[in-house]
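*Asks:* Provided below: final25.txt, containing compact mmCIF, C-alpha atoms.
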# COMPACT_ATOMS: atom_id res chain seq x y z
CA MET A 1 99.40 -108.32 -187.23
CA LEU A 2 96.12 -108.39 -185.30
CA LEU A 3 97.87 -109.83 -182.22
CA ARG A 4 100.51 -107.10 -182.42
CA ARG A 5 97.87 -104.34 -182.59
CA LEU A 6 95.85 -105.74 -179.72
CA LEU A 7 98.89 -106.08 -177.46
CA CYS A 8 100.09 -102.56 -178.20
CA GLU A 9 96.71 -100.88 -177.81
CA THR A 10 95.35 -102.64 -174.72
CA PRO A 11 95.09 -99.85 -172.12
CA LYS A 12 95.52 -101.99 -169.00
CA SER A 13 97.59 -104.93 -170.17
CA SER A 14 99.24 -107.32 -167.74
CA PRO A 15 103.02 -107.43 -167.18
CA PHE A 16 103.10 -110.66 -169.17
CA SER A 17 101.30 -109.14 -172.15
CA ARG A 18 103.49 -106.04 -172.06
CA ALA A 19 106.64 -108.18 -172.04
CA LEU A 20 105.25 -110.30 -174.87
CA SER A 21 104.38 -107.15 -176.80
CA THR A 22 107.94 -105.90 -176.42
CA GLN A 23 109.38 -109.20 -177.64
CA ILE A 24 107.08 -109.19 -180.67
CA LEU A 25 107.98 -105.60 -181.56
CA LEU A 26 111.70 -106.20 -181.14
CA GLY A 27 111.46 -109.44 -183.07
CA ALA A 28 109.75 -107.65 -185.92
CA ALA A 29 112.40 -104.93 -185.88
CA THR A 30 115.34 -107.34 -185.90
CA THR A 31 113.96 -109.60 -188.62
CA ALA A 32 112.52 -106.96 -190.93
CA GLU A 33 115.00 -104.14 -190.41
CA THR A 34 118.14 -103.09 -188.54
CA PRO A 35 117.22 -101.82 -185.03
CA SER A 36 117.42 -98.03 -184.83
CA THR A 37 118.00 -95.69 -181.92
CA SER A 38 114.71 -93.92 -182.59
CA LYS A 39 112.85 -97.24 -182.46
CA TYR A 40 114.35 -98.06 -179.07
CA ASP A 41 113.70 -94.54 -177.78
CA LYS A 42 110.00 -94.80 -178.61
CA LEU A 43 109.65 -98.21 -177.00
CA ILE A 44 111.51 -97.16 -173.84
CA ASP A 45 109.52 -93.93 -173.57
CA SER A 46 106.27 -95.85 -173.91
CA ALA A 47 107.23 -98.47 -171.32
CA GLY A 48 108.61 -95.87 -168.90
CA GLY A 49 105.52 -93.71 -169.24
CA GLU A 50 103.40 -96.71 -168.19
CA GLY A 51 105.70 -97.46 -165.26
CA ASP A 52 106.75 -100.79 -166.78
CA PHE A 53 110.42 -100.73 -165.69
CA ASP A 54 110.96 -104.44 -166.27
CA THR A 55 110.39 -103.78 -169.95
CA VAL A 56 112.60 -100.69 -169.79
CA LYS A 57 115.40 -102.87 -168.39
CA ARG A 58 114.97 -105.52 -171.10
CA LEU A 59 114.95 -102.90 -173.84
CA LEU A 60 118.12 -101.26 -172.53
CA GLU A 61 119.88 -104.64 -172.33
CA LYS A 62 118.83 -105.51 -175.87
CA ARG A 63 119.93 -102.10 -177.06
CA GLY A 64 123.37 -102.58 -175.48
CA ARG A 65 123.79 -105.98 -177.10
CA ASP A 66 122.90 -104.42 -180.44
CA GLY A 67 125.72 -101.91 -179.88
CA LEU A 68 123.45 -98.87 -179.98
CA PHE A 69 124.09 -95.85 -177.78
CA ASN A 70 121.35 -94.11 -175.85
CA THR A 71 120.28 -90.61 -176.90
CA CYS A 72 118.93 -87.46 -175.30
CA ARG A 73 115.41 -88.83 -175.92
CA THR A 74 115.93 -92.21 -174.27
CA PHE A 75 114.61 -91.13 -170.86
CA LYS A 76 112.18 -88.55 -172.15
CA PHE A 77 109.44 -89.86 -169.85
CA ILE A 78 111.34 -88.77 -166.71
CA TRP A 79 110.46 -85.14 -167.53
CA ASN A 80 106.79 -85.85 -166.89
CA ASP A 81 107.24 -87.46 -163.47
CA ILE A 82 110.55 -87.20 -161.58
CA SER A 83 109.07 -89.42 -158.84
CA MET A 84 109.80 -92.35 -161.18
CA LEU A 85 113.53 -91.86 -160.63
CA ASP A 86 113.92 -94.43 -157.82
CA ASP A 87 112.08 -97.13 -159.77
CA LEU A 88 114.14 -96.32 -162.84
CA LEU A 89 117.40 -96.54 -160.89
CA ALA A 90 116.38 -99.94 -159.53
CA ALA A 91 115.78 -101.12 -163.08
CA LEU A 92 119.11 -99.76 -164.34
CA SER A 93 121.04 -101.48 -161.54
CA GLY A 94 119.57 -104.80 -162.67
CA ILE A 95 120.90 -104.55 -166.23
CA ASN A 96 123.30 -107.45 -166.79
CA HIS A 97 125.04 -106.07 -169.88
CA ARG A 98 127.96 -103.89 -168.74
CA PHE A 99 127.99 -101.50 -171.70
CA ALA A 100 124.20 -101.10 -171.55
CA ARG A 101 124.27 -100.42 -167.79
CA GLU A 102 127.03 -97.80 -167.99
CA SER A 103 125.51 -96.14 -171.05
CA ALA A 104 122.07 -95.97 -169.40
CA HIS A 105 123.40 -94.33 -166.22
CA ASN A 106 125.46 -91.78 -168.16
CA CYS A 107 122.52 -90.98 -170.41
CA LEU A 108 120.21 -90.47 -167.44
CA ILE A 109 122.74 -88.13 -165.81
CA ALA A 110 122.96 -86.10 -169.02
CA ARG A 111 119.16 -85.96 -169.31
CA LEU A 112 118.66 -84.80 -165.71
CA SER A 113 121.41 -82.19 -166.11
CA LYS A 114 119.80 -80.86 -169.27
CA LEU A 115 116.54 -80.52 -167.35
CA ARG A 116 118.50 -78.56 -164.70
CA LEU A 117 117.80 -81.26 -162.13
CA THR A 118 121.45 -81.22 -161.11
CA PRO A 119 120.97 -82.49 -157.51
CA GLN A 120 119.23 -85.58 -158.89
CA ALA A 121 121.89 -85.94 -161.60
CA LEU A 122 124.67 -85.84 -158.98
CA ARG A 123 122.84 -88.43 -156.91
CA VAL A 124 122.64 -90.77 -159.92
CA ALA A 125 126.34 -90.21 -160.63
CA GLU A 126 127.28 -91.06 -157.05
CA ILE A 127 125.13 -94.22 -157.17
CA ALA A 128 126.63 -95.22 -160.52
CA VAL A 129 130.22 -94.82 -159.33
CA SER A 130 129.74 -96.36 -155.88
CA GLY A 131 127.90 -99.28 -157.49
CA GLY A 132 130.75 -99.89 -159.91
CA PHE A 133 128.61 -99.10 -162.95
CA CYS A 134 130.72 -96.08 -164.02
CA SER A 135 134.23 -95.05 -163.07
CA SER A 136 135.37 -92.13 -165.23
CA ALA A 137 135.24 -88.38 -164.78
CA ALA A 138 133.09 -88.17 -167.91
CA THR A 139 130.12 -89.34 -165.83
CA PHE A 140 130.17 -85.98 -164.02
CA HIS A 141 130.82 -83.77 -167.06
CA PRO A 142 127.14 -83.04 -167.93
CA ILE A 143 126.56 -81.74 -164.40
CA LEU A 144 129.63 -79.50 -164.61
CA ILE A 145 128.54 -78.18 -167.99
CA GLU A 146 125.19 -77.10 -166.58
CA HIS A 147 126.66 -75.47 -163.47
CA THR A 148 129.41 -73.55 -165.27
CA LYS A 149 127.03 -72.47 -168.03
CA ARG A 150 124.77 -70.94 -165.39
CA ARG A 151 127.78 -69.56 -163.47
CA ASN A 152 127.08 -71.71 -160.42
CA PHE A 153 130.77 -72.13 -159.69
CA GLU A 154 130.28 -73.03 -156.04
CA GLU A 155 128.05 -75.94 -157.05
CA ALA A 156 130.52 -76.93 -159.76
CA TRP A 157 133.30 -77.20 -157.17
CA ARG A 158 131.03 -79.34 -155.02
CA VAL A 159 130.75 -81.74 -157.94
CA VAL A 160 134.56 -81.87 -158.15
CA GLY A 161 134.64 -82.56 -154.42
CA ALA A 162 132.16 -85.41 -154.85
CA MET A 163 134.34 -86.87 -157.59
CA LYS A 164 137.40 -86.87 -155.35
CA ALA A 165 135.42 -88.36 -152.46
CA LEU A 166 134.55 -91.28 -154.76
CA ASN A 167 138.19 -91.63 -155.89
CA VAL A 168 137.36 -90.36 -159.37
CA ARG A 169 140.30 -88.25 -160.52
CA PRO A 170 139.23 -85.00 -162.24
CA ASP A 171 140.62 -84.96 -165.77
CA ILE A 172 141.65 -82.04 -167.97
CA THR A 173 138.12 -81.76 -169.37
CA THR A 174 136.74 -81.33 -165.85
CA TYR A 175 139.05 -78.39 -165.21
CA ASN A 176 138.50 -76.99 -168.71
CA TYR A 177 134.78 -76.55 -167.98
CA LEU A 178 135.60 -74.56 -164.85
CA LEU A 179 138.36 -72.61 -166.57
CA THR A 180 136.15 -71.70 -169.53
CA GLY A 181 133.38 -70.63 -167.16
CA TYR A 182 135.66 -68.26 -165.27
CA CYS A 183 137.24 -66.90 -168.47
CA ARG A 184 133.83 -66.34 -170.04
CA VAL A 185 132.94 -63.94 -167.22
CA GLY A 186 136.40 -62.37 -167.23
CA ASP A 187 137.47 -63.67 -163.80
CA LEU A 188 141.14 -64.22 -164.59
CA GLU A 189 142.10 -64.50 -160.92
CA LYS A 190 139.96 -67.61 -160.49
CA ALA A 191 141.20 -68.87 -163.85
CA ALA A 192 144.77 -68.60 -162.58
CA GLY A 193 143.74 -70.72 -159.61
CA ILE A 194 142.63 -73.48 -162.03
CA LEU A 195 146.07 -73.42 -163.63
CA THR A 196 147.60 -73.86 -160.19
CA ASN A 197 145.37 -76.90 -159.63
CA LEU A 198 146.51 -78.38 -162.93
CA ALA A 199 150.14 -77.96 -161.97
CA GLU A 200 149.64 -79.44 -158.49
CA GLU A 201 147.74 -82.45 -159.81
CA LYS A 202 150.13 -82.87 -162.76
CA VAL A 203 147.34 -82.62 -165.33
CA GLY A 204 148.64 -81.41 -168.69
CA PRO A 205 146.79 -78.66 -170.59
CA ASP A 206 145.25 -79.27 -174.00
CA ASP A 207 143.87 -77.14 -176.83
CA ARG A 208 140.66 -76.44 -174.87
CA THR A 209 142.70 -75.14 -171.94
CA TYR A 210 144.50 -72.64 -174.13
CA ASP A 211 141.25 -71.75 -175.90
CA ALA A 212 139.78 -70.76 -172.54
CA LEU A 213 142.84 -68.65 -171.66
CA VAL A 214 142.65 -66.80 -174.98
CA LEU A 215 138.93 -66.25 -174.41
CA GLY A 216 139.58 -64.83 -170.94
CA ALA A 217 142.28 -62.45 -172.16
CA CYS A 218 140.06 -61.25 -175.01
CA ARG A 219 137.07 -60.74 -172.73
CA VAL A 220 139.02 -58.24 -170.62
CA GLY A 221 140.57 -56.54 -173.66
CA LYS A 222 144.09 -57.95 -173.25
CA VAL A 223 144.77 -58.88 -176.87
CA ASP A 224 148.54 -58.82 -176.27
CA SER A 225 148.13 -61.51 -173.60
CA ALA A 226 145.98 -63.57 -175.94
CA LEU A 227 148.71 -63.41 -178.60
CA LYS A 228 151.28 -64.54 -176.04
CA VAL A 229 149.13 -67.58 -175.28
CA LEU A 230 149.00 -68.37 -179.00
CA ARG A 231 152.77 -68.11 -179.18
CA ARG A 232 153.04 -70.50 -176.23
CA MET A 233 150.77 -72.95 -178.04
CA LYS A 234 153.01 -72.85 -181.07
CA GLU A 235 156.08 -73.53 -178.93
CA GLU A 236 154.38 -76.56 -177.36
CA GLY A 237 153.12 -77.89 -180.68
CA ILE A 238 149.43 -77.45 -179.83
CA VAL A 239 147.23 -76.45 -182.77
CA PRO A 240 144.73 -73.69 -181.87
CA LEU A 241 141.05 -74.44 -182.31
CA HIS A 242 139.04 -72.43 -184.81
CA SER A 243 137.24 -70.85 -181.86
CA THR A 244 140.59 -69.70 -180.44
CA HIS A 245 141.26 -67.64 -183.57
CA ALA A 246 137.66 -66.38 -183.46
CA HIS A 247 138.21 -65.02 -179.92
CA VAL A 248 141.20 -62.99 -181.14
CA ILE A 249 139.47 -61.73 -184.29
CA GLY A 250 136.37 -60.71 -182.34
CA ALA A 251 138.39 -58.86 -179.69
CA MET A 252 140.48 -57.00 -182.26
CA VAL A 253 137.41 -55.80 -184.15
CA ARG A 254 135.59 -54.86 -180.94
CA LEU A 255 138.58 -52.84 -179.68
CA GLY A 256 139.13 -51.04 -182.97
CA PHE A 257 142.06 -53.08 -184.33
CA HIS A 258 140.34 -53.35 -187.72
CA LYS A 259 143.40 -53.49 -189.94
CA GLN A 260 145.24 -55.63 -187.43
CA ALA A 261 142.37 -58.12 -187.43
CA PHE A 262 142.68 -58.44 -191.22
CA GLN A 263 146.46 -58.80 -190.94
CA TYR A 264 146.05 -61.46 -188.25
CA VAL A 265 143.76 -63.49 -190.48
CA MET A 266 146.19 -63.15 -193.38
CA ALA A 267 149.12 -64.19 -191.16
CA CYS A 268 147.26 -67.43 -190.38
CA ALA A 269 146.11 -68.00 -193.95
CA GLY A 270 147.35 -70.49 -196.51
CA ARG A 271 147.89 -73.48 -194.19
CA ASP A 272 144.43 -74.91 -193.74
CA GLU A 273 141.55 -74.21 -196.10
CA ARG A 274 138.93 -74.85 -193.43
CA LEU A 275 140.69 -72.45 -191.06
CA ASP A 276 140.84 -69.79 -193.79
CA CYS A 277 137.12 -70.22 -194.38
CA ALA A 278 136.38 -69.93 -190.63
CA ASN A 279 138.66 -66.93 -190.02
CA LEU A 280 137.63 -64.90 -193.06
CA GLY A 281 133.98 -65.70 -192.43
CA GLU A 282 134.28 -64.66 -188.79
CA LEU A 283 136.06 -61.42 -189.73
CA GLY A 284 133.43 -60.61 -192.35
CA ARG A 285 130.56 -61.19 -189.94
CA LYS A 286 132.18 -59.07 -187.23
CA MET A 287 132.77 -56.25 -189.69
CA ILE A 288 129.14 -56.36 -190.83
CA ARG A 289 127.92 -56.08 -187.23
CA ARG A 290 130.26 -53.14 -186.69
CA ARG A 291 128.99 -51.57 -189.93
CA ARG A 292 132.48 -51.59 -191.42
CA TYR A 293 131.01 -52.23 -194.85
CA GLU A 294 134.04 -51.22 -196.92
CA ASP A 295 136.16 -53.57 -194.85
CA VAL A 296 133.65 -56.35 -195.49
CA LYS A 297 134.19 -55.91 -199.20
CA VAL A 298 137.92 -56.39 -198.73
CA VAL A 299 137.27 -59.63 -196.87
CA LEU A 300 134.96 -60.78 -199.64
CA LYS A 301 137.63 -60.03 -202.23
CA GLU A 302 140.12 -62.19 -200.35
CA MET A 303 137.59 -65.00 -200.04
CA ARG A 304 136.95 -64.96 -203.76
CA LYS A 305 140.66 -64.98 -204.52
CA ARG A 306 141.09 -68.08 -202.38
CA GLY A 307 137.93 -69.78 -203.67
CA ILE A 308 136.25 -69.79 -200.26
CA GLU A 309 132.48 -70.10 -200.16
CA MET A 310 130.61 -67.41 -198.25
CA GLY A 311 128.23 -68.08 -195.38
CA ASP A 312 124.59 -66.95 -195.36
CA GLU A 313 125.28 -63.62 -193.63
CA LEU A 314 127.94 -62.62 -196.16
CA LYS A 315 125.81 -63.80 -199.07
CA GLU A 316 122.96 -61.65 -197.82
CA PHE A 317 125.34 -58.70 -197.56
CA CYS A 318 126.41 -59.19 -201.20
CA GLU A 319 122.83 -59.45 -202.40
CA TRP A 320 121.76 -56.37 -200.46
CA ASN A 321 124.66 -54.30 -201.80
CA ALA A 322 124.53 -55.76 -205.33
CA ILE A 323 128.14 -56.95 -205.18
CA ASP A 324 129.21 -59.38 -207.89
CA ASP A 325 132.44 -61.13 -208.84
CA GLU A 326 133.52 -58.28 -211.11
CA ASP A 327 133.83 -55.73 -208.30
CA ASP A 328 137.40 -54.52 -207.74
CA ILE A 329 137.67 -53.22 -204.20
CA GLU A 330 140.75 -51.97 -202.37
CA PHE A 331 141.24 -51.59 -198.62
CA PRO A 332 139.99 -48.07 -197.73
CA ASP A 333 142.52 -45.50 -196.55
CA ARG A 334 139.86 -43.00 -195.57
CA ASP A 335 138.69 -44.93 -192.49
CA LYS A 336 139.30 -43.24 -189.21
CA VAL A 337 141.98 -44.84 -187.08
CA GLY A 338 140.51 -46.57 -184.00
CA ASN A 339 142.07 -46.66 -180.55
CA GLY A 340 143.56 -50.07 -181.16
CA GLU A 341 145.17 -48.95 -184.43
CA ARG A 342 146.80 -46.04 -182.67
CA GLN A 343 148.28 -48.42 -180.11
CA TYR A 344 149.98 -50.54 -182.78
CA GLY A 345 150.66 -47.72 -185.25
CA GLY A 346 148.56 -49.39 -187.95
CA ARG A 347 150.69 -52.55 -187.96
CA LEU A 348 150.29 -56.04 -186.58
CA PRO A 349 152.41 -56.89 -183.51
CA ALA A 350 155.69 -58.50 -184.55
CA ASP A 351 155.03 -61.81 -182.76
CA VAL A 352 151.86 -62.32 -184.83
CA ALA A 353 153.44 -61.18 -188.08
CA ARG A 354 156.08 -63.89 -187.69
CA ARG A 355 153.49 -66.67 -187.32
Can you turn what I pasted into structure tokens?
*Replies:*
Amino acid sequence: MLLRRLLCETPKSSPFSRALSTQILLGAATTAETPSTSKYDKLIDSAGGEGDFDTVKRLLEKRGRDGLFNTCRTFKFIWNDISMLDDLLAALSGINHRFARESAHNCLIARLSKLRLTPQALRVAEIAVSGGFCSSAATFHPILIEHTKRRNFEEAWRVVGAMKALNVRPDITTYNYLLTGYCRVGDLEKAAGILTNLAEEKVGPDDRTYDALVLGACRVGKVDSALKVLRRMKEEGIVPLHSTHAHVIGAMVRLGFHKQAFQYVMACAGRDERLDCANLGELGRKMIRRRRYEDVKVVLKEMRKRGIEMGDELKEFCEWNAIDDEDDIEFPDRDKVGNGERQYGGRLPADVARR
């Protein structure tokens, strides 16, 4: 125990003593307890902070052999001094364990992207692919996430170009990030261009692709188009995500389709308890934010009837309004008809009613 403390606390220890300290600590961890990701993260952060990249390499190799993934905290030390990047890359390239080497590069790319150091992240990705350490499109996904989230679409397309230059074929997830980014800002023209790319490259859409299209239609107020996309999903046997339904519910409430939003939720109800919980909860929250308090009570009544637990926002609404299980509330007829209700005549479109 004394040897362990002296090795760990010596301020200017030699490379040999640092390596020996690492072996002792890892030996203690493996004999006394199962190695944990947090244990490795602390050791790697400590070694990296001291510039001891030989130890960082050994720890990452040992971690890979133990079958433990890296985390967002693995390369925490890089935040303090980005000038360490070249030394770190040299250490990563020397890792002999294939899983550990690939995992380390991907984790570093994700960390740099999260820190918005996307040029450095792209450089690491290019080195990883050209060096044969990584070969999938997933290596570039964290960089795309950051660019599309910040609406840097030109930079995002440069990442796609770099992928193709390295013979890494963009997958559906790659295009989904771009598609979702364009749909989030309501740029349906650019979104249509993504669909053209998918067709040309023979990449099939998935549930995230359709989720983005529904989001885009709802963002520009085209609820009819969103419902057509949902119908297309049904025809192709693709199950909508919970977020896809949430886009429709949110748009209907925002545009004044209050009764239609309730009817839409009821048309989807009874097939999946988790979906019912998500849809009714989403509708209730949207109604609260629109101050449609009588409509919220109707949603609550339906949730109780189906035995669905309320979320915190709905529970707070019940407590504030002193609503208990004995309340008998009917859907109000006195509400003014919104613009959306006039468009549909107070009824849900036929294609949704049939679902």
*Asks:* Contacts of Gly270 in chain A at 12 Å or less, counting only C-alpha atoms, minus same-chain residues fewer than 3 places along, as a list in words?
*Replies:* Val265, Met266, Ala267, Glu273, Arg274, Leu275, Asp276, Cys277, Asn279, Leu280, Glu302, Met303, Lys305, Arg306, Gly307, Ile308 and Arg355 of chain A
*Asks:* Pick out the closest residue to Gly48 in chain A from this set: A:Arg290, A:Lys76, A:Arg63, A:Arg101. Count all atoms listed in the file.
*Replies:*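 Counting all atoms listed in the file, the residue closest to Gly48 in chain A is A:Lys76.
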*Asks:* Quote the spacing between CA of Asp171 in chain A and CA of Ala192 in chain A in Å to one decimal place.
*Replies:*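 We find that CA of Asp171 in chain A and CA of Ala192 in chain A lie 17.2 Å from each other.
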*Asks:* Hey, what's within 10 Å of Ala278 in chain A if we count all atoms listed in the file and toss same-chain stuff fewer than 5 positions away? As number ranges by chain, please?
*Replies:* A: 242-243, 245-246, 265, 272-273, 283-284, 308, 310-311
*Asks:* Calculated over all atoms listed in the file, which of the candidates A:Leu92, A:Glu313, A:Ile143, A:Leu43 has the smallest distance to Ala156 in chain A?
*Replies:*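 Counting all atoms listed in the file, the residue closest to Ala156 in chain A is A:Ile143.
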*Asks:* What's the 8 Å shell around range 187-189 of chain A, counting only C-alpha atoms, without same-chain residues fewer than 4 positions away, as a list in words?
*Replies:* Tyr182, Cys183, Gly193, Gly216 and Ala217 of chain A
*Asks:* Rounded to one decimal place, report the CA of His141 in chain A-CA of Tyr175 in chain A distance in Å.
*Replies:*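 Result for CA of His141 in chain A versus CA of Tyr175 in chain A: 10.0 Å, one decimal.
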*Asks:* Here is a test: counting all atoms listed in the file, which residue of A:Arg208, A:Lys259, A:Lys57, A:Lys149 is nearest to Ile44 in chain A?
*Replies:* A:Lys57
*Asks:* Here is a test: counting all atoms listed in the file, which residue of A:Leu115, A:Arg285, A:Val214, A:Arg292 is nearest to Lys315 in chain A?
*Replies:*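 Closest residue, counting all atoms listed in the file: A:Arg285.
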*Asks:* What is the distance between CA of Ser36 in chain A and CA of Lys62 in chain A, in Å to one decimal?
*Replies:*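 One can read the CA of Ser36 in chain A to CA of Lys62 in chain A distance as 11.8 Å.
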*Asks:* Counting all atoms listed in the file, what is within 12 Å of Asn106 in chain A, bar same-chain residues fewer than 4 positions away, as a VMD selection string?
*Replies:* chain A and resid 69 to 72 74 to 75 89 92 99 to 102 110 to 113 121 to 122 124 to 129 133 to 143
*Asks:* Could you pull the residues within 10 Å of Ala226 in chain A, counting all atoms listed in the file, minus those fewer than 5 positions along the same chain, as a ChimeraX atom specification?
*Replies:* /A:210-211,213-219,221,231-232,244-245,247-248,251
*Asks:* Counting only C-alpha atoms, which residue out of A:Arg151, A:Lys301, A:Lys286, A:Lys42 sits closest to Phe77 in chain A?
*Replies:*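 When distances to Phe77 in chain A are compared using only C-alpha atoms, the smallest one comes from A:Lys42.
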*Asks:* Enclose range 228-232 of chain A, meaning all of its atoms listed in the file, in a box aligned along x, y and z, pad it by 8 Å on each side, and list the centre and edge lengths in Å to one decimal, as AutoDock Vina command-line options.
*Replies:*
--center_x 151.0 --center_y -67.5 --center_z -177.2 --size_x 20.0 --size_y 22.0 --size_z 19.9
*Asks:* For the point (129.1, -79.8, -156.4) in file coordinates, what residues are within 12 Å, counting all atoms listed in the file? Give the answer as a count of residues only?
*Replies:* 31
*Asks:* I need the residue nearest Trp320 in chain A from this list: A:Val298, A:Ala191, A:Tyr293, A:Val56. Use only C-alpha atoms for the distance.
*Replies:*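 Of all the options, A:Tyr293 lies closest to Trp320 in chain A.
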